[in-house]
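Shown next, in structure tokens, is the structure this report addresses.
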Amino acid sequence: MKVETREITCIICPVGCRARVSLRNGEVLEIQNIECPRGEKYISQEVKAPMRDFFTTVRIANAQTQVLPVRSTEPVPKARLKECALELAKIRVEAPVRLGDVIVENILGLGIDIVATRDIAQQNAR
Amino acid sequence: MIEDAGVVVIGGGAAGLAAAIEAKREVEDVMILERSGELGGILPQCIHTGFGLHYFSENLTGPEYISRLIQKARELRIGHKLNTMVLRISPDKKIVAVNDVDGLMTIQAKAIVLAMGCRERTRGALRIPGDRPTGIYTAGTAQRLMDLEGYMVGKRVVILGSGDVGLIMARRFAMENAKVEAVVEIAPYLGGLGRNMVQCLEDFDIPLLLQHTVTSIRGAGRVEAVTVARVDASWRPIPGTGREIKCDTLILSAGLIPENELSKTAGVVLDRLTGGPIVDEHMETSVRGIFACGNVVHVHDLVDHVSWAGEVAGRSAAKYVMGELPPPRKKVALKAGENVRYVVPQVISGEEEMALHLRAKKPMQDVKLRIGELTVPLRVVRPPELVMVKLTQEKIERVVKGDELTINIEES
């Protein structure tokens with residue numbers, strides 16, 4: 001079976017190592033030009049099923065601001081990022097909200113929660 | 001009336017908060033003056049992840065990162081005035097400021113930390129000809145409108161400049177179902193971090209046009225199209241290469257400028273290369289007792305480095321107030337040499353351990369950073385990525401000879 005080589009830029013940290021991966025039938029044979037274990041893990045995942053951090057905003061009522069920033073507790077499959085965004089476009093929350101509050105539990109059945117990334121006080125509350 | 005204060009920090013973002021927190025560990029009287037209605041600087045609107053990998057050893061969003069510093073400042077009971085605009089600072093550290101509670105006030109500080117951050121280059125600064133319709137935003141303004149204020153700013157977008165803020169906004173627009181027609185970059189290389197090429201552009205099939213620029217804007221009322229042309233080796237548009245791209249929004253992400261109007265009123269000497277104050281290894285400026293940190297000194301790519309610089313400035317300001325920061329016995333000027341755009345700090349005593357920050361002029365591979373007789377091998381240098389080297393006291397003393405030290409990046 002033919003050995004395929006791919007160049008993949010690691011996105012785990014700002015260094016952005018350019019890894020060279022050799023694959024046979026989609027199985028990783030070797031990863032070169034990357035030194036850290038987190039990067040190797042990322043590259044192995046990236047060739048199988050790419051995952052990305054998900055973040056967006058949701059509408060919030062009773063607050064000084066219009067939107068609340070949120071994120072996924074774990075990376076979600078890259079192919080489902082937009083689905084997640086559409087799901088959150090339907091959501092309305094009410095202030096007060098605390099950083100870490102779960103906004104959507106188990107989004108799209110992925111086993112991943114969406115949480116608030118900041119506190120937002122109720123309007124006029126000090 | 002003149003109010004007396006110990007350490008006054010101007011700006012409550014990632015640099016100012018870190019500075020205030022560190023200063024407060026040593027001296028009681030620490031105060032932050034913040035122009036906006038909340039602490040946090042730019043980070044509350046940076047809703048994406050990738051912050052704090054170094055500073056907190058965690059992958060945080062902007063709001064999460066800054067919440068930790070705000071929480072710490074609250075625990076330490078650091079005083080702050082919001083909605084407070086500083087108008088000028090005198091060399092003897094009198095601060096004139098105004099807000100809607102205290103009115104016009106004068107504060108006599110013992111030490112000042114400048115942490116005002118930076119601002120974006122606008123259409124005027126870029127001198128783009130054409131019509132003057134609505135729909136032209138700097139990237140940071142678009143980000144503020146979308147992620148703090150909840151407005152969608154456009155549906156069909158061209159982004160000029162491939163710096164990180166522009167790339168991040170390309171992804172935000174794509175995620176919100178806008179069409180990003182292109183990211184246009186005048187340089188022959190990406191302006192932002194490599195990882196943002198992948199997760200912001202490639203993930204969403206957004207084309208990157210290197211060695212191109214926007215030469216004209218067309219639109220009556222709202223932007224209708226922009227003209228994009230190739231540029232030559234000296235970055236001048238090549239006649240006859242222009243083509244129109246239809247869009248309703250042009251986002252400008254073409255550089256950030258340290259915001260130093262206040263520094264100038266205090267007589268602080270600025271570095272022509274960074275646009276920020278000349279500082280020493282304690283982040284002290286040319287005016288004794290005035291310190292500076294973060295993007296006001298030079299534009300950083302990572303907030304982690306901004307907060308670290310804030311810590312140094314805050315500690316130094318506290319030491320100065322306590323009389324523990326004597327003037328340096330000697331001054332060694334650090335100079336940007338071969339392939340180096342700038343170096344921070346620009347002046348050192350040559351007697352203490354320090355972190356050296358520098359930016360390369362062009363992308364290079366397998367190079368040697370030369371600091372006097374000391375060399376540090378580097379696999380890759382790229383202009384968007386700050387190079388940071390920690391030097392121990394022993395190493396510093398070994399390389400400093402005379403009153404000038406030139407830093408070079410050499411091909412191996």
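Residues are referred to by chain and number: the chain letter is A, B, ... according to the order shown in the structure tokens, the number counts from 1 in that chain, and ligands are numbered separately from 1 in the order shown.
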Once DSSP has gone over the backbone, tell me which residues of range 259-398 of chain B are in strand (DSSP E or B), as a VMD selection string. chain B and resid 270 277 284 290 to 292 332 to 336 340 to 344 347 to 348 354 to 360 364 to 371 374 to 381 387 to 391
Enumerate, in order of chain and increasing residue number, the residues of chain A with an atom no farther than 9 Å from chain B, each with its shortest atom pair and distance in Å to one decimal, counting only C-alpha atoms, as CSV.
residue,atom,partner,partner_atom,distance
A:Ile8,CA,B:Val198,CA,8.8
A:Thr9,CA,B:Arg195,CA,6.5
A:Cys10,CA,B:Arg195,CA,6.4
A:Ile11,CA,B:Arg195,CA,4.5
A:Ile12,CA,B:Arg195,CA,7.8
A:Cys13,CA,B:Leu53,CA,7.2
A:Pro14,CA,B:Leu193,CA,6.5
A:Val15,CA,B:Gly194,CA,7.7
A:Gly16,CA,B:Arg195,CA,5.3
A:Cys17,CA,B:Gly194,CA,8.3
A:Arg18,CA,B:Gly194,CA,8.8
A:Arg52,CA,B:Gln199,CA,8.0
A:Asp53,CA,B:Thr49,CA,7.0
A:Phe54,CA,B:His48,CA,8.0
A:Phe55,CA,B:His48,CA,6.1
A:Thr56,CA,B:Ile47,CA,7.0
A:Thr57,CA,B:Asp147,CA,6.6
A:Val58,CA,B:Gly150,CA,8.7
A:Arg59,CA,B:Gly150,CA,7.8
A:Thr65,CA,B:Glu149,CA,6.2
A:Gln66,CA,B:Gly150,CA,5.5
A:Val67,CA,B:Gly150,CA,5.5
A:Leu68,CA,B:Leu148,CA,7.8
A:Pro69,CA,B:Ile47,CA,6.1
A:Val70,CA,B:Ile47,CA,7.6
A:Arg71,CA,B:Thr61,CA,8.0
A:Lys78,CA,B:Asp203,CA,8.1
A:Leu81,CA,B:Met175,CA,7.9
A:Lys82,CA,B:Met175,CA,6.3
A:Ala85,CA,B:Met175,CA,7.1
A:Leu86,CA,B:Glu176,CA,8.7
A:Leu99,CA,B:Glu64,CA,7.7
A:Thr117,CA,B:Glu64,CA,5.4
A:Arg118,CA,B:Pro63,CA,5.7
A:Asp119,CA,B:Ser67,CA,8.3
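The gap separating CA of Leu82 in chain B from CA of Leu104 in chain B is 13.9 Å, in Å to one decimal.
Here CA of Ile112 in chain A and CA of Ala61 in chain A stand 24.6 Å from one another.
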Can you list, as a short mmCIF file (atom, residue, chain, number, x, y, z; two decimals) with N, CA, C and O atoms, in the first residue's frame, every protein, DNA or RNA residue that comes within 10 Å of range 93-99 of chain B when you count only C-alpha atoms, leaving out same-chain residues fewer than 4 positions away?
data_model
loop_
_atom_site.label_atom_id
_atom_site.label_comp_id
_atom_site.auth_asym_id
_atom_site.auth_seq_id
_atom_site.Cartn_x
_atom_site.Cartn_y
_atom_site.Cartn_z
N ILE B 2 -5.43 68.56 45.08
CA ILE B 2 -4.48 67.52 44.64
C ILE B 2 -4.55 66.34 45.60
O ILE B 2 -4.43 66.48 46.81
N GLU B 3 -4.79 65.16 44.98
CA GLU B 3 -4.88 63.93 45.76
C GLU B 3 -3.50 63.26 45.71
O GLU B 3 -2.85 63.27 44.67
N ASP B 4 -3.05 62.68 46.81
CA ASP B 4 -1.77 61.98 46.81
C ASP B 4 -1.99 60.49 46.61
O ASP B 4 -2.95 59.93 47.12
N ALA B 5 -1.10 59.86 45.83
CA ALA B 5 -1.24 58.42 45.59
C ALA B 5 0.14 57.79 45.52
O ALA B 5 1.14 58.47 45.27
N VAL B 8 0.26 54.67 40.63
CA VAL B 8 -0.92 54.84 39.79
C VAL B 8 -0.68 54.15 38.46
O VAL B 8 0.33 54.41 37.79
N ILE B 10 -2.02 53.44 34.70
CA ILE B 10 -2.93 54.03 33.71
C ILE B 10 -3.29 52.96 32.68
O ILE B 10 -2.46 52.54 31.87
N LEU B 33 -6.39 53.72 36.86
CA LEU B 33 -7.28 54.65 36.17
C LEU B 33 -7.64 54.03 34.82
O LEU B 33 -6.75 53.72 34.02
N ARG B 35 -10.10 54.14 31.29
CA ARG B 35 -10.92 55.00 30.44
C ARG B 35 -12.30 54.40 30.18
O ARG B 35 -13.30 55.10 30.04
N LYS B 81 -10.60 53.62 39.31
CA LYS B 81 -11.61 54.55 38.84
C LYS B 81 -11.91 54.20 37.39
O LYS B 81 -11.01 54.19 36.55
N LEU B 82 -13.19 53.92 37.10
CA LEU B 82 -13.61 53.60 35.74
C LEU B 82 -14.09 54.88 35.04
O LEU B 82 -14.28 55.91 35.70
N ASN B 83 -14.32 54.76 33.74
CA ASN B 83 -14.80 55.91 32.94
C ASN B 83 -13.95 57.15 33.18
O ASN B 83 -14.45 58.27 33.18
N THR B 84 -12.67 56.91 33.44
CA THR B 84 -11.78 58.00 33.83
C THR B 84 -10.71 58.21 32.76
O THR B 84 -9.96 57.30 32.43
N MET B 85 -10.72 59.41 32.22
CA MET B 85 -9.83 59.74 31.11
C MET B 85 -8.66 60.55 31.65
O MET B 85 -8.87 61.61 32.24
N VAL B 86 -7.45 60.02 31.48
CA VAL B 86 -6.27 60.80 31.87
C VAL B 86 -5.95 61.76 30.74
O VAL B 86 -5.89 61.37 29.57
N LEU B 87 -5.79 63.04 31.09
CA LEU B 87 -5.57 64.06 30.07
C LEU B 87 -4.09 64.37 29.87
O LEU B 87 -3.64 64.58 28.76
N ARG B 88 -3.36 64.41 30.98
CA ARG B 88 -1.91 64.59 30.84
C ARG B 88 -1.18 64.18 32.11
O ARG B 88 -1.77 64.05 33.18
N ILE B 89 0.11 63.96 31.91
CA ILE B 89 0.99 63.58 33.01
C ILE B 89 2.19 64.51 32.95
O ILE B 89 2.74 64.72 31.87
N GLY B 103 -15.19 64.74 38.64
CA GLY B 103 -14.90 65.92 37.81
C GLY B 103 -13.44 65.92 37.40
O GLY B 103 -12.83 64.87 37.20
N LEU B 104 -12.89 67.13 37.30
CA LEU B 104 -11.48 67.24 36.93
C LEU B 104 -10.64 67.05 38.19
O LEU B 104 -10.92 67.64 39.22
N MET B 105 -9.63 66.20 38.11
CA MET B 105 -8.82 65.95 39.31
C MET B 105 -7.34 65.94 38.98
O MET B 105 -6.94 65.68 37.85
N THR B 106 -6.53 66.26 39.98
CA THR B 106 -5.07 66.15 39.84
C THR B 106 -4.60 65.16 40.90
O THR B 106 -4.96 65.28 42.07
N ILE B 107 -3.84 64.19 40.46
CA ILE B 107 -3.32 63.17 41.38
C ILE B 107 -1.80 63.25 41.36
O ILE B 107 -1.19 63.17 40.29
N GLN B 108 -1.21 63.42 42.54
CA GLN B 108 0.25 63.41 42.63
C GLN B 108 0.69 61.99 42.96
O GLN B 108 0.48 61.52 44.08
N ALA B 109 1.27 61.31 41.97
CA ALA B 109 1.68 59.92 42.18
C ALA B 109 3.14 59.86 42.60
O ALA B 109 3.92 60.76 42.27
N LYS B 110 3.49 58.81 43.36
CA LYS B 110 4.90 58.57 43.67
C LYS B 110 5.56 57.83 42.51
O LYS B 110 6.71 58.06 42.18
N ALA B 111 4.79 56.91 41.90
CA ALA B 111 5.28 56.19 40.71
C ALA B 111 4.09 55.98 39.77
O ALA B 111 2.95 55.86 40.22
N ILE B 112 4.37 55.92 38.47
CA ILE B 112 3.31 55.74 37.48
C ILE B 112 3.67 54.54 36.60
O ILE B 112 4.84 54.37 36.22
N LEU B 262 -0.07 60.26 26.03
CA LEU B 262 0.17 60.62 27.43
C LEU B 262 1.64 60.54 27.79
O LEU B 262 2.15 61.39 28.52
N ALA B 266 4.45 63.53 29.42
CA ALA B 266 5.34 63.37 30.58
C ALA B 266 6.81 63.51 30.19
O ALA B 266 7.69 63.41 31.04
N VAL B 287 12.02 58.72 32.14
CA VAL B 287 11.68 59.57 33.28
C VAL B 287 11.66 58.71 34.54
O VAL B 287 10.92 57.72 34.61
N ARG B 288 12.46 59.06 35.52
CA ARG B 288 12.55 58.26 36.75
C ARG B 288 11.20 58.15 37.44
O ARG B 288 10.46 59.12 37.57
N GLY B 289 10.84 56.93 37.82
CA GLY B 289 9.58 56.71 38.52
C GLY B 289 8.40 56.51 37.59
O GLY B 289 7.29 56.26 38.04
N ILE B 290 8.60 56.63 36.28
CA ILE B 290 7.54 56.31 35.32
C ILE B 290 7.93 55.03 34.59
O ILE B 290 8.99 54.96 33.96
#
